[in-house]
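This report refers to the structure that appears directly beneath it.
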Amino acid sequence: MDNGAISYQRFLDGDDEGIVEIIRDYKDGLILYLSGITGNIVYAEEIMEDTFFRLVTKKPRFSGRSSFKTWLYSIGRNSAIDSLRNKSRFSDIPVDEYINLADELSIERDYLKYEQKILLHRALQKLNPDYRQVLYLIFFENFSNSETAKIMHKTKRQVENLLYRAKQSLKSELEKEGFEYEVI
């Protein structure tokens with residue numbers, strides 16, 4: 001049993017500190033993942049809150065067939081899909097506006113990194129939503145292909161194919177944007 005599962009079991013047994021630990025450990029990654037689905041970080045934060053609210057109020061059963069993180073991200077993904085179906089409009093504030101630019105040590109280096117992040121973000125936003133999800137889960141959240149398959153409700157083979165096509169598509173978009181791979 002991983003730490004998330006242990007904390008969740010403690011919460012179910014009446015220790016409220018367990019849910020506090022889960023929120024602390026998983027909220028940031030979940031927000032970033034959900035942002036890739038919704039295209040909006042503020043909306044992703046709302047869905048993250050709904051996901052944890054669902055854990056607290058409904059107390060779904062964790063079977064242990066996957067890691068706790070995989071299970072939690074699946075709940076978040078389902079919440080995002082449900083919310084997107086039910087919500088007709090949301091603001092289009094790009095994630096780029098939330099990135100902190102300040103670093104007194106090397107403004108030029110940070111500026112170049114920031115520009116590359118913008119190019120990467122723009123390229124990611126142009127990709128098919130499934131491509132964005134698979135890239136985020138595997139490269140930013142370090143999920144395995146099997147765990148990603150469970151989260152996305154796909155087979156492992158479908159995820160491998162998606163990942164291959166997503167990388168090819170991202171590379172193509174980055175080249176269109178003028179992305180330079182080893183500037184920094």
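Labeling convention for the structure tokens: chains A, B, ... as they appear, residues from 1 per chain, ligands from 1 in order of appearance.
Neighbours of region 59-65 of chain A closer than or equal to 9 Å, with only C-alpha atoms counted and sequence neighbours fewer than 6 positions away skipped, come out as Met1, Ala5, Tyr8, Gln9, Leu12 and Trp71 of chain A.
Here the question is which of A:Met48, A:Asn128, A:Ala149, A:Phe139 gets nearest to Arg165 (chain A) using only C-alpha atoms, and that residue is A:Asn128.
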Every residue of region 9-156 of chain A that DSSP places in alpha helix (DSSP H), as a ChimeraX atom specification: /A:9-12,17-38,41-58,68-86,107-126,129-135,145-152,156
Residue neighbourhood Gln133 (chain A), 8 Å, only C-alpha atoms, exclusion window fewer than 5 positions, as a list in words: Tyr33, Gly36 and Ile37 of chain A
Residues within 9 Å of Leu127 (chain A), only C-alpha atoms, excluding chain neighbours under 3 positions, as a VMD selection string: chain A and resid 123 to 124 130 to 132 166 169 to 170 173
Next, the residues of the selection above should be written as a PDB file, in the first residue's frame with all heavy atoms.
```pdb
ATOM      1  N   ALA A 123       2.509  24.963 -28.283  1.00  0.00           N
ATOM      2  CA  ALA A 123       2.530  23.733 -29.082  1.00  0.00           C
ATOM      3  C   ALA A 123       1.636  22.670 -28.445  1.00  0.00           C
ATOM      4  O   ALA A 123       0.877  21.987 -29.144  1.00  0.00           O
ATOM      5  CB  ALA A 123       3.962  23.227 -29.229  1.00  0.00           C
ATOM      6  N   LEU A 124       1.709  22.533 -27.114  1.00  0.00           N
ATOM      7  CA  LEU A 124       0.868  21.552 -26.420  1.00  0.00           C
ATOM      8  C   LEU A 124      -0.614  21.867 -26.594  1.00  0.00           C
ATOM      9  O   LEU A 124      -1.431  20.969 -26.770  1.00  0.00           O
ATOM     10  CB  LEU A 124       1.219  21.492 -24.935  1.00  0.00           C
ATOM     11  CG  LEU A 124       2.483  20.727 -24.568  1.00  0.00           C
ATOM     12  CD1 LEU A 124       2.859  20.968 -23.122  1.00  0.00           C
ATOM     13  CD2 LEU A 124       2.311  19.242 -24.829  1.00  0.00           C
ATOM     14  N   ASP A 130      -6.156  14.199 -26.193  1.00  0.00           N
ATOM     15  CA  ASP A 130      -5.589  12.925 -25.740  1.00  0.00           C
ATOM     16  C   ASP A 130      -4.065  12.950 -25.784  1.00  0.00           C
ATOM     17  O   ASP A 130      -3.398  12.386 -24.922  1.00  0.00           O
ATOM     18  CB  ASP A 130      -6.101  11.763 -26.593  1.00  0.00           C
ATOM     19  CG  ASP A 130      -7.514  11.340 -26.203  1.00  0.00           C
ATOM     20  OD1 ASP A 130      -7.971  11.711 -25.111  1.00  0.00           O
ATOM     21  OD2 ASP A 130      -8.144  10.629 -27.004  1.00  0.00           O
ATOM     22  N   TYR A 131      -3.502  13.626 -26.783  1.00  0.00           N
ATOM     23  CA  TYR A 131      -2.049  13.754 -26.867  1.00  0.00           C
ATOM     24  C   TYR A 131      -1.530  14.547 -25.675  1.00  0.00           C
ATOM     25  O   TYR A 131      -0.525  14.184 -25.070  1.00  0.00           O
ATOM     26  CB  TYR A 131      -1.628  14.441 -28.167  1.00  0.00           C
ATOM     27  CG  TYR A 131      -1.833  13.654 -29.438  1.00  0.00           C
ATOM     28  CD1 TYR A 131      -1.548  14.226 -30.663  1.00  0.00           C
ATOM     29  CD2 TYR A 131      -2.302  12.347 -29.427  1.00  0.00           C
ATOM     30  CE1 TYR A 131      -1.722  13.522 -31.859  1.00  0.00           C
ATOM     31  CE2 TYR A 131      -2.483  11.637 -30.605  1.00  0.00           C
ATOM     32  CZ  TYR A 131      -2.195  12.229 -31.807  1.00  0.00           C
ATOM     33  OH  TYR A 131      -2.369  11.531 -32.971  1.00  0.00           O
ATOM     34  N   ARG A 132      -2.195  15.670 -25.364  1.00  0.00           N
ATOM     35  CA  ARG A 132      -1.782  16.484 -24.211  1.00  0.00           C
ATOM     36  C   ARG A 132      -1.828  15.661 -22.937  1.00  0.00           C
ATOM     37  O   ARG A 132      -0.912  15.705 -22.117  1.00  0.00           O
ATOM     38  CB  ARG A 132      -2.701  17.707 -24.055  1.00  0.00           C
ATOM     39  CG  ARG A 132      -2.387  18.837 -24.958  1.00  0.00           C
ATOM     40  CD  ARG A 132      -3.043  20.130 -24.514  1.00  0.00           C
ATOM     41  NE  ARG A 132      -4.461  20.009 -24.213  1.00  0.00           N
ATOM     42  CZ  ARG A 132      -5.441  20.348 -25.050  1.00  0.00           C
ATOM     43  NH1 ARG A 132      -5.163  20.788 -26.252  1.00  0.00           N
ATOM     44  NH2 ARG A 132      -6.691  20.232 -24.676  1.00  0.00           N
ATOM     45  N   ALA A 166       1.733  11.445 -30.182  1.00  0.00           N
ATOM     46  CA  ALA A 166       1.788  12.719 -29.455  1.00  0.00           C
ATOM     47  C   ALA A 166       3.180  13.334 -29.551  1.00  0.00           C
ATOM     48  O   ALA A 166       3.319  14.544 -29.771  1.00  0.00           O
ATOM     49  CB  ALA A 166       1.395  12.511 -27.993  1.00  0.00           C
ATOM     50  N   SER A 169       3.664  14.636 -33.069  1.00  0.00           N
ATOM     51  CA  SER A 169       2.859  15.840 -33.265  1.00  0.00           C
ATOM     52  C   SER A 169       3.468  17.029 -32.523  1.00  0.00           C
ATOM     53  O   SER A 169       3.525  18.147 -33.053  1.00  0.00           O
ATOM     54  CB  SER A 169       1.429  15.578 -32.787  1.00  0.00           C
ATOM     55  OG  SER A 169       0.616  16.680 -33.025  1.00  0.00           O
ATOM     56  N   LEU A 170       3.931  16.802 -31.290  1.00  0.00           N
ATOM     57  CA  LEU A 170       4.555  17.871 -30.510  1.00  0.00           C
ATOM     58  C   LEU A 170       5.830  18.351 -31.194  1.00  0.00           C
ATOM     59  O   LEU A 170       6.070  19.559 -31.287  1.00  0.00           O
ATOM     60  CB  LEU A 170       4.859  17.400 -29.090  1.00  0.00           C
ATOM     61  CG  LEU A 170       5.526  18.423 -28.171  1.00  0.00           C
ATOM     62  CD1 LEU A 170       4.651  19.660 -28.011  1.00  0.00           C
ATOM     63  CD2 LEU A 170       5.837  17.796 -26.820  1.00  0.00           C
ATOM     64  N   GLU A 173       4.866  20.534 -34.095  1.00  0.00           N
ATOM     65  CA  GLU A 173       4.372  21.844 -33.644  1.00  0.00           C
ATOM     66  C   GLU A 173       5.511  22.714 -33.126  1.00  0.00           C
ATOM     67  O   GLU A 173       5.538  23.919 -33.379  1.00  0.00           O
ATOM     68  CB  GLU A 173       3.307  21.687 -32.557  1.00  0.00           C
ATOM     69  CG  GLU A 173       1.965  21.223 -33.053  1.00  0.00           C
ATOM     70  CD  GLU A 173       1.320  22.176 -34.047  1.00  0.00           C
ATOM     71  OE1 GLU A 173       1.498  23.413 -33.932  1.00  0.00           O
ATOM     72  OE2 GLU A 173       0.638  21.675 -34.958  1.00  0.00           O
TER      73      GLU A 173
END
```
For Ile6 (chain A), the nearest of the candidates A:Phe52, A:Tyr136, A:Phe143, A:Phe68, counting only C-alpha atoms: A:Phe68
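The two atoms in question, CA of Arg24 (chain A) and CA of Val56 (chain A), are spaced 14.3 Å apart.
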Exercise: Glu17 (chain A) partners within 10 Å, only C-alpha atoms, chain neighbours under 5 positions left out, as a list of chain:residue names: A:Ser7, A:Tyr8, A:Arg10, A:Phe11, A:Ile22, A:Ile23
